[in-house]
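As structure tokens, the structure follows; a few thoughts come after it.
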Amino acid sequence: MTDTVLFLGAGATKAAQGLLTDEILPALLLAKTSLQAQDPNGRVDALIEFLEQEFHVNASTRKEDYPGLPLLMSLIDTALDRREAFHDRWDSNAMAQLREAIEFGIFDVLEDSLRKAPTSNHYTLFRKLFPGQDCQPCVITTNYDLIADSAMMNVSKGTQGGLPNYHCGIANISQIGPEQRFGTLLKLHGSLNWLLCKTCLRLELGQTESIRYLAILQQIVAHDLKSTFQADGAPCAVCQSKLRPLLVAPSHLKDYRNPHLAQVWYEAQRVMRQAKRVIFIGYSMPDDDVEVVYLVKRGLAHIKDPKQITVVEYCRENPSIAARDHPVGRRYQSLFGGIDWRADGLDQWLNTVP
């Protein structure tokens, strides 16, 4: 086990030219023609109508005028949780369809951005922080995109080539031996390529166009993710129920009770408790992200020297800004004290890593 743990937030995805949360809805509406062609059930059409009628936005609306994705998901989840109609046009069944349309849209726009995104900085990051076969990457992430997965699999090709240890019960990779595993990747909010049967709780790994290159994936993965998000979903191999992606959407009603996610969270706390150094990249430690902040605070209670906690953010206006003068820096200082603070972004910080 490595002494260093890397913790990635949304800013790490942005550094790889991926999408931030507030960019997903605008990207979704810009891609509506493509999404509509792939959605025979009309869920995307309903989502577009919902956004136009209830939030007064369309494909030509400025990004800053869109509702926040967490707000939108929270309203939908609240209506579903209370089994209430959001509006005469939007009963519980319609709201469930809207949620599926958002999941499909999120997958499509993130998958498209990954195909275009240069993930070389993540590749370099893993190679520099975890050099050699005996020091494999140990990564915790709040992101459910596949940028870290792709980079870690790419790094693994320099050894034997293997899949990350996700530390949850993914059935179709359980037969892979330790020699075909590489590194640890703990995805606290689930993943776009994790497919869950809500009836029997079987979890499978799905395949995407953007990370097909690892040969071992061709041997074990049955379901293409896009087909799972479309129509009625791929069937579970055990009970034939519909598989759905396992991800904790950006909603204020986050639900971490899934047993597979519970394993991930347990492992995340375990590796943090054993770490001598932790590097946070692009995670802003927001006040309302209580479960994650609690996990981090408890997991790092043993680290006495706050300089062993590195925080890498990006402040476009002032890359040399002090932690006490930056809202993210102040949050970390209130939790840990005098941290090792960098505000010049991932790429610039990487240049200083030997």
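Letters A, B, ... go to the chains of the structure tokens in the order shown; residues in each chain start at 1; ligands are counted from 1 in the same order.
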Cut-off 12 Å: closest range 37-151 of chain A/range 261-265 of chain A atom pairs per residue, using only C-alpha atoms, as a tab-separated table:
residue	atom	partner	partner_atom	distance
A:Val139	CA	A:Val264	CA	11.5
A:Ile140	CA	A:Val264	CA	9.3
A:Thr141	CA	A:Val264	CA	10.6
A:Thr142	CA	A:Trp265	CA	11.0
Could those selected residues go to a file with N, CA and C atoms, as an mmCIF file, in the first residue's frame?
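What landed in result-v4.cif:
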data_model
loop_
_atom_site.group_PDB
_atom_site.id
_atom_site.type_symbol
_atom_site.label_atom_id
_atom_site.label_comp_id
_atom_site.auth_asym_id
_atom_site.auth_seq_id
_atom_site.Cartn_x
_atom_site.Cartn_y
_atom_site.Cartn_z
ATOM 1 N N VAL A 139 -6.354 6.235 -5.386
ATOM 2 C CA VAL A 139 -7.116 7.430 -5.744
ATOM 3 C C VAL A 139 -8.525 7.340 -5.188
ATOM 4 N N ILE A 140 -8.955 8.423 -4.542
ATOM 5 C CA ILE A 140 -10.348 8.604 -4.143
ATOM 6 C C ILE A 140 -10.904 9.739 -4.987
ATOM 7 N N THR A 141 -12.120 9.586 -5.497
ATOM 8 C CA THR A 141 -12.680 10.631 -6.336
ATOM 9 C C THR A 141 -14.161 10.816 -6.056
ATOM 10 N N THR A 142 -14.609 12.059 -6.149
ATOM 11 C CA THR A 142 -16.036 12.361 -6.065
ATOM 12 C C THR A 142 -16.666 12.407 -7.457
#
Using only C-alpha atoms, determine which residues lie at most 8 Å from range 36-47 of chain A, disregarding the query and same-chain residues fewer than 4 positions distant; provide the list as a PyMOL selection string.
-> chain A and resi 32+51+97-98+100-102+105+230-231
For N, CA and C atoms, I'd like the residues from the last selection saved as a PDB file, in the first residue's frame.
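again12.pdb was written with the following content:
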ATOM      1  N   LYS A  32     -29.085  18.258 -27.958  1.00  0.00           N
ATOM      2  CA  LYS A  32     -30.416  17.673 -27.895  1.00  0.00           C
ATOM      3  C   LYS A  32     -30.779  16.906 -29.163  1.00  0.00           C
ATOM      4  N   LEU A  51     -37.577  21.885 -18.978  1.00  0.00           N
ATOM      5  CA  LEU A  51     -36.656  22.994 -18.762  1.00  0.00           C
ATOM      6  C   LEU A  51     -37.193  24.290 -19.365  1.00  0.00           C
ATOM      7  N   GLN A  97     -39.263   9.664 -15.330  1.00  0.00           N
ATOM      8  CA  GLN A  97     -38.766   9.674 -16.697  1.00  0.00           C
ATOM      9  C   GLN A  97     -37.781  10.823 -16.915  1.00  0.00           C
ATOM     10  N   LEU A  98     -38.060  11.968 -16.317  1.00  0.00           N
ATOM     11  CA  LEU A  98     -37.144  13.104 -16.422  1.00  0.00           C
ATOM     12  C   LEU A  98     -35.794  12.771 -15.799  1.00  0.00           C
ATOM     13  N   GLU A 100     -34.417   9.840 -15.512  1.00  0.00           N
ATOM     14  CA  GLU A 100     -33.706   8.936 -16.420  1.00  0.00           C
ATOM     15  C   GLU A 100     -33.146   9.700 -17.620  1.00  0.00           C
ATOM     16  N   ALA A 101     -33.897  10.692 -18.113  1.00  0.00           N
ATOM     17  CA  ALA A 101     -33.409  11.486 -19.243  1.00  0.00           C
ATOM     18  C   ALA A 101     -32.162  12.280 -18.852  1.00  0.00           C
ATOM     19  N   ILE A 102     -32.143  12.807 -17.619  1.00  0.00           N
ATOM     20  CA  ILE A 102     -30.961  13.548 -17.170  1.00  0.00           C
ATOM     21  C   ILE A 102     -29.769  12.606 -17.049  1.00  0.00           C
ATOM     22  N   GLY A 105     -28.543  11.996 -20.479  1.00  0.00           N
ATOM     23  CA  GLY A 105     -27.858  13.183 -20.994  1.00  0.00           C
ATOM     24  C   GLY A 105     -26.497  13.384 -20.353  1.00  0.00           C
ATOM     25  N   GLN A 230     -30.419   3.787 -22.879  1.00  0.00           N
ATOM     26  CA  GLN A 230     -31.512   3.953 -23.826  1.00  0.00           C
ATOM     27  C   GLN A 230     -32.630   2.947 -23.554  1.00  0.00           C
ATOM     28  N   ALA A 231     -33.764   3.188 -24.180  1.00  0.00           N
ATOM     29  CA  ALA A 231     -34.916   2.277 -24.167  1.00  0.00           C
ATOM     30  C   ALA A 231     -35.186   1.755 -22.759  1.00  0.00           C
TER      31      ALA A 231
END
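One finds CA of Asp77 in chain A at 9.2 Å from CA of Lys254 in chain A.
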Find the spatial neighbours of range 174-187 of chain A, counting only C-alpha atoms, within a cut-off of 9 Å - ignore same-chain residues fewer than 4 positions away - and output them as an MDAnalysis selection string.
-> chainID A and resid 133 135:144 148:149 152:153 155:156 159:170 191 216 220 261 264:265 267:268
Go ahead and write the residues just picked, C-alpha atoms, as a compact mmCIF listing (two decimals), in the first residue's frame.
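Wrote part.txt, looks like this:
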# COMPACT_ATOMS: atom_id res chain seq x y z
CA GLN A 133 4.92 -1.47 -10.11
CA CYS A 135 3.81 1.94 -5.87
CA GLN A 136 0.47 1.72 -7.61
CA PRO A 137 -2.01 4.62 -7.64
CA CYS A 138 -4.38 5.00 -4.72
CA VAL A 139 -7.12 7.43 -5.74
CA ILE A 140 -10.35 8.60 -4.14
CA THR A 141 -12.68 10.63 -6.34
CA THR A 142 -16.04 12.36 -6.06
CA ASN A 143 -16.35 12.30 -9.87
CA TYR A 144 -18.38 9.65 -11.69
CA ALA A 148 -9.39 8.75 -13.82
CA ASP A 149 -10.37 5.23 -14.94
CA MET A 152 -5.17 4.57 -14.69
CA MET A 153 -5.83 1.83 -17.26
CA VAL A 155 -0.75 3.71 -16.99
CA SER A 156 -1.32 0.02 -16.28
CA THR A 159 2.98 -3.18 -16.63
CA GLN A 160 0.70 -6.09 -17.53
CA GLY A 161 -2.42 -4.07 -18.14
CA GLY A 162 -5.23 -4.33 -15.65
CA LEU A 163 -8.38 -2.90 -14.18
CA PRO A 164 -8.43 -0.71 -11.08
CA ASN A 165 -9.47 -2.21 -7.78
CA TYR A 166 -12.84 -0.51 -7.28
CA HIS A 167 -13.48 -2.27 -3.95
CA CYS A 168 -17.13 -3.02 -4.58
CA GLY A 169 -18.82 -6.21 -5.68
CA ILE A 170 -18.67 -5.87 -9.46
CA SER A 191 -19.57 5.67 -11.76
CA ILE A 216 -9.12 -7.24 -20.64
CA ILE A 220 -15.41 -9.54 -19.43
CA LEU A 261 -21.07 2.23 -2.20
CA VAL A 264 -16.22 1.97 -1.31
CA TRP A 265 -16.68 4.41 1.58
CA GLU A 267 -12.18 1.40 1.95
CA ALA A 268 -11.79 5.15 1.43
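In terms of minimum interatomic distance to Glu291 in chain A, A:Gln269 ranks closest within A:Ser334, A:Gln269, A:Asn93, A:Thr310, counting only C-alpha atoms.
Distances to Arg83 in chain A were evaluated for A:Cys200, A:Val311, A:Met95, A:Val353 using only C-alpha atoms, and the minimum falls at A:Met95.
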Members of range 231-330 of chain A assigned alpha helix (DSSP H) by DSSP, as a ChimeraX atom specification = /A:259-274,290-299,327-330
N, CA and C atoms of the current selection, written as a compact mmCIF listing (two decimals), in the first residue's frame:
# COMPACT_ATOMS: atom_id res chain seq x y z
N PRO A 259 -25.27 -0.93 -0.77
CA PRO A 259 -24.22 -1.74 -0.14
C PRO A 259 -22.89 -1.70 -0.89
N HIS A 260 -22.92 -1.53 -2.21
CA HIS A 260 -21.68 -1.44 -2.96
C HIS A 260 -20.94 -0.14 -2.65
N LEU A 261 -21.69 0.95 -2.58
CA LEU A 261 -21.07 2.23 -2.20
C LEU A 261 -20.57 2.19 -0.77
N ALA A 262 -21.28 1.47 0.10
CA ALA A 262 -20.82 1.34 1.49
C ALA A 262 -19.43 0.71 1.55
N GLN A 263 -19.17 -0.27 0.69
CA GLN A 263 -17.83 -0.88 0.64
C GLN A 263 -16.79 0.14 0.19
N VAL A 264 -17.15 0.95 -0.81
CA VAL A 264 -16.22 1.97 -1.31
C VAL A 264 -15.89 2.96 -0.21
N TRP A 265 -16.89 3.42 0.52
CA TRP A 265 -16.68 4.41 1.58
C TRP A 265 -15.85 3.82 2.72
N TYR A 266 -16.09 2.57 3.05
CA TYR A 266 -15.29 1.92 4.09
C TYR A 266 -13.82 1.88 3.68
N GLU A 267 -13.56 1.48 2.43
CA GLU A 267 -12.18 1.40 1.95
C GLU A 267 -11.55 2.77 1.88
N ALA A 268 -12.33 3.79 1.49
CA ALA A 268 -11.79 5.15 1.43
C ALA A 268 -11.31 5.61 2.81
N GLN A 269 -12.11 5.35 3.82
CA GLN A 269 -11.68 5.74 5.16
C GLN A 269 -10.45 4.94 5.60
N ARG A 270 -10.42 3.67 5.23
CA ARG A 270 -9.28 2.84 5.63
C ARG A 270 -7.98 3.33 5.01
N VAL A 271 -7.98 3.64 3.71
CA VAL A 271 -6.73 4.07 3.07
C VAL A 271 -6.33 5.45 3.56
N MET A 272 -7.30 6.31 3.86
CA MET A 272 -6.94 7.62 4.41
C MET A 272 -6.32 7.49 5.79
N ARG A 273 -6.84 6.59 6.60
CA ARG A 273 -6.29 6.40 7.95
C ARG A 273 -4.86 5.85 7.91
N GLN A 274 -4.50 5.18 6.83
CA GLN A 274 -3.14 4.64 6.70
C GLN A 274 -2.20 5.57 5.95
N VAL A 290 -21.68 17.33 3.34
CA VAL A 290 -21.40 16.95 4.72
C VAL A 290 -20.81 15.55 4.82
N GLU A 291 -21.36 14.58 4.10
CA GLU A 291 -20.90 13.20 4.23
C GLU A 291 -19.44 13.06 3.82
N VAL A 292 -19.05 13.71 2.72
CA VAL A 292 -17.67 13.61 2.25
C VAL A 292 -16.72 14.34 3.21
N VAL A 293 -17.11 15.54 3.64
CA VAL A 293 -16.27 16.30 4.58
C VAL A 293 -16.08 15.51 5.87
N TYR A 294 -17.14 14.89 6.33
CA TYR A 294 -17.06 14.07 7.55
C TYR A 294 -16.11 12.90 7.35
N LEU A 295 -16.21 12.23 6.20
CA LEU A 295 -15.31 11.13 5.87
C LEU A 295 -13.86 11.57 5.89
N VAL A 296 -13.59 12.72 5.26
CA VAL A 296 -12.22 13.22 5.16
C VAL A 296 -11.70 13.63 6.53
N LYS A 297 -12.50 14.37 7.28
CA LYS A 297 -12.07 14.84 8.59
C LYS A 297 -11.72 13.69 9.52
N ARG A 298 -12.55 12.67 9.56
CA ARG A 298 -12.27 11.51 10.41
C ARG A 298 -11.09 10.71 9.87
N GLY A 299 -11.05 10.55 8.55
CA GLY A 299 -10.00 9.72 7.96
C GLY A 299 -8.61 10.28 8.13
N PRO A 327 -11.64 31.23 -0.51
CA PRO A 327 -12.67 30.50 0.26
C PRO A 327 -12.38 29.02 0.43
N VAL A 328 -11.82 28.37 -0.61
CA VAL A 328 -11.48 26.95 -0.49
C VAL A 328 -10.33 26.77 0.48
N GLY A 329 -9.31 27.62 0.37
CA GLY A 329 -8.18 27.56 1.29
C GLY A 329 -8.62 27.72 2.73
N ARG A 330 -9.54 28.64 2.97
CA ARG A 330 -10.01 28.86 4.34
C ARG A 330 -10.75 27.64 4.88
From the list A:Pro70, A:Gly11, A:Gly338, A:Pro319, the nearest residue to Ala249 in chain A using only C-alpha atoms is A:Pro70
In Å to one decimal, how far is CA of Phe280 in chain A from CA of Phe7 in chain A?
-> 4.7 Å
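All residues of protein, DNA or RNA that reach within 6 Å of Leu203 in chain A, judged by only C-alpha atoms and not counting those fewer than 3 positions away in the chain, are Ile170, Ala171, Leu195 and Leu196 of chain A.
Take CA of Asn193 in chain A and CA of Lys14 in chain A: the distance between them is 19.6 Å.
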Can you tell me, as a PyMOL selection string, what residues are no more than 12 Å from Asn351 in chain A when counting only C-alpha atoms, ignoring any on the same chain fewer than 5 positions away?
-> chain A and resi 121+124-125+128+344-346
Can you write just those residues out, C-alpha atoms, as a compact mmCIF listing (two decimals), in the first residue's frame?
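After the write, part.txt holds the following:
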# COMPACT_ATOMS: atom_id res chain seq x y z
CA ASN A 121 -2.17 15.37 -17.14
CA THR A 124 1.42 12.18 -15.76
CA LEU A 125 -0.07 12.72 -12.31
CA LYS A 128 4.80 10.93 -10.99
CA ASP A 344 -2.00 27.69 -9.75
CA GLY A 345 -3.82 24.58 -10.99
CA LEU A 346 -2.98 20.97 -11.69
List the neighbours of Leu253 in chain A out to 10 Å using only C-alpha atoms; skip same-chain residues closer than 2 positions along the sequence, and give me the result as JSON, numbers by chain.
-> {"A": [70, 73, 74, 75, 76, 77, 78, 81, 248, 249, 250, 251, 255, 256]}
Please return as a VMD selection string: the residues of range 22-255 of chain A that backbone DSSP assigns to strand (DSSP E or B).
-> chain A and resid 87 90 138 to 141 163 to 165 170 181 to 187 190 to 197 203 to 205 207 224 235 242 to 247
Selection file, C-alpha atoms, as a PDB file, in the first residue's frame:
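Saved file part38.pdb follows:
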ATOM      1  CA  HIS A  87     -47.121  20.173 -11.530  1.00  0.00           C
ATOM      2  CA  TRP A  90     -45.388  16.469 -14.213  1.00  0.00           C
ATOM      3  CA  CYS A 138      -4.384   4.999  -4.716  1.00  0.00           C
ATOM      4  CA  VAL A 139      -7.116   7.430  -5.744  1.00  0.00           C
ATOM      5  CA  ILE A 140     -10.348   8.604  -4.143  1.00  0.00           C
ATOM      6  CA  THR A 141     -12.680  10.631  -6.336  1.00  0.00           C
ATOM      7  CA  LEU A 163      -8.382  -2.899 -14.181  1.00  0.00           C
ATOM      8  CA  PRO A 164      -8.429  -0.711 -11.076  1.00  0.00           C
ATOM      9  CA  ASN A 165      -9.473  -2.208  -7.779  1.00  0.00           C
ATOM     10  CA  ILE A 170     -18.670  -5.870  -9.462  1.00  0.00           C
ATOM     11  CA  ARG A 181      -5.564  -5.540 -11.286  1.00  0.00           C
ATOM     12  CA  PHE A 182      -3.717  -2.246 -11.094  1.00  0.00           C
ATOM     13  CA  GLY A 183      -4.119   0.460  -8.485  1.00  0.00           C
ATOM     14  CA  THR A 184      -7.046   1.453  -6.311  1.00  0.00           C
ATOM     15  CA  LEU A 185      -9.814   3.753  -7.538  1.00  0.00           C
ATOM     16  CA  LEU A 186     -12.526   4.572  -5.002  1.00  0.00           C
ATOM     17  CA  LYS A 187     -15.476   6.377  -6.583  1.00  0.00           C
ATOM     18  CA  GLY A 190     -20.500   5.741  -8.104  1.00  0.00           C
ATOM     19  CA  SER A 191     -19.569   5.670 -11.757  1.00  0.00           C
ATOM     20  CA  LEU A 192     -21.131   6.050 -15.169  1.00  0.00           C
ATOM     21  CA  ASN A 193     -19.900   2.566 -16.082  1.00  0.00           C
ATOM     22  CA  TRP A 194     -21.299   0.806 -13.010  1.00  0.00           C
ATOM     23  CA  LEU A 195     -24.606  -0.901 -13.783  1.00  0.00           C
ATOM     24  CA  LEU A 196     -26.865  -1.887 -10.898  1.00  0.00           C
ATOM     25  CA  CYS A 197     -29.867  -4.192 -10.749  1.00  0.00           C
ATOM     26  CA  LEU A 203     -23.423  -4.813 -10.017  1.00  0.00           C
ATOM     27  CA  GLU A 204     -21.705  -5.021 -13.406  1.00  0.00           C
ATOM     28  CA  LEU A 205     -19.055  -3.032 -15.213  1.00  0.00           C
ATOM     29  CA  GLN A 207     -18.156  -0.595 -21.543  1.00  0.00           C
ATOM     30  CA  ASP A 224     -22.446  -1.369 -23.889  1.00  0.00           C
ATOM     31  CA  PRO A 235     -31.275  -6.988 -18.496  1.00  0.00           C
ATOM     32  CA  LYS A 242     -33.455  -3.508 -15.875  1.00  0.00           C
ATOM     33  CA  LEU A 243     -29.885  -2.403 -15.131  1.00  0.00           C
ATOM     34  CA  ARG A 244     -29.421   1.261 -14.259  1.00  0.00           C
ATOM     35  CA  PRO A 245     -26.258   3.284 -13.639  1.00  0.00           C
ATOM     36  CA  LEU A 246     -25.073   3.419 -10.032  1.00  0.00           C
ATOM     37  CA  LEU A 247     -24.273   7.042  -9.406  1.00  0.00           C
TER      38      LEU A 247
END
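Restricting the calculation to only C-alpha atoms, the smallest distance between Leu146 in chain A and any of A:Ile48, A:Leu72, A:Leu114, A:Ile281 is found for A:Leu114.
For the choices A:Glu64, A:Asp88, A:Glu54, A:Asp347, the atom-to-atom distance to Ser120 in chain A is smallest for A:Asp347 when using only C-alpha atoms.
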Closest of A:Ala322, A:Val278, A:Ala27, A:Leu19 to Gln308 in chain A - atom-to-atom distances counting only C-alpha atoms = A:Val278
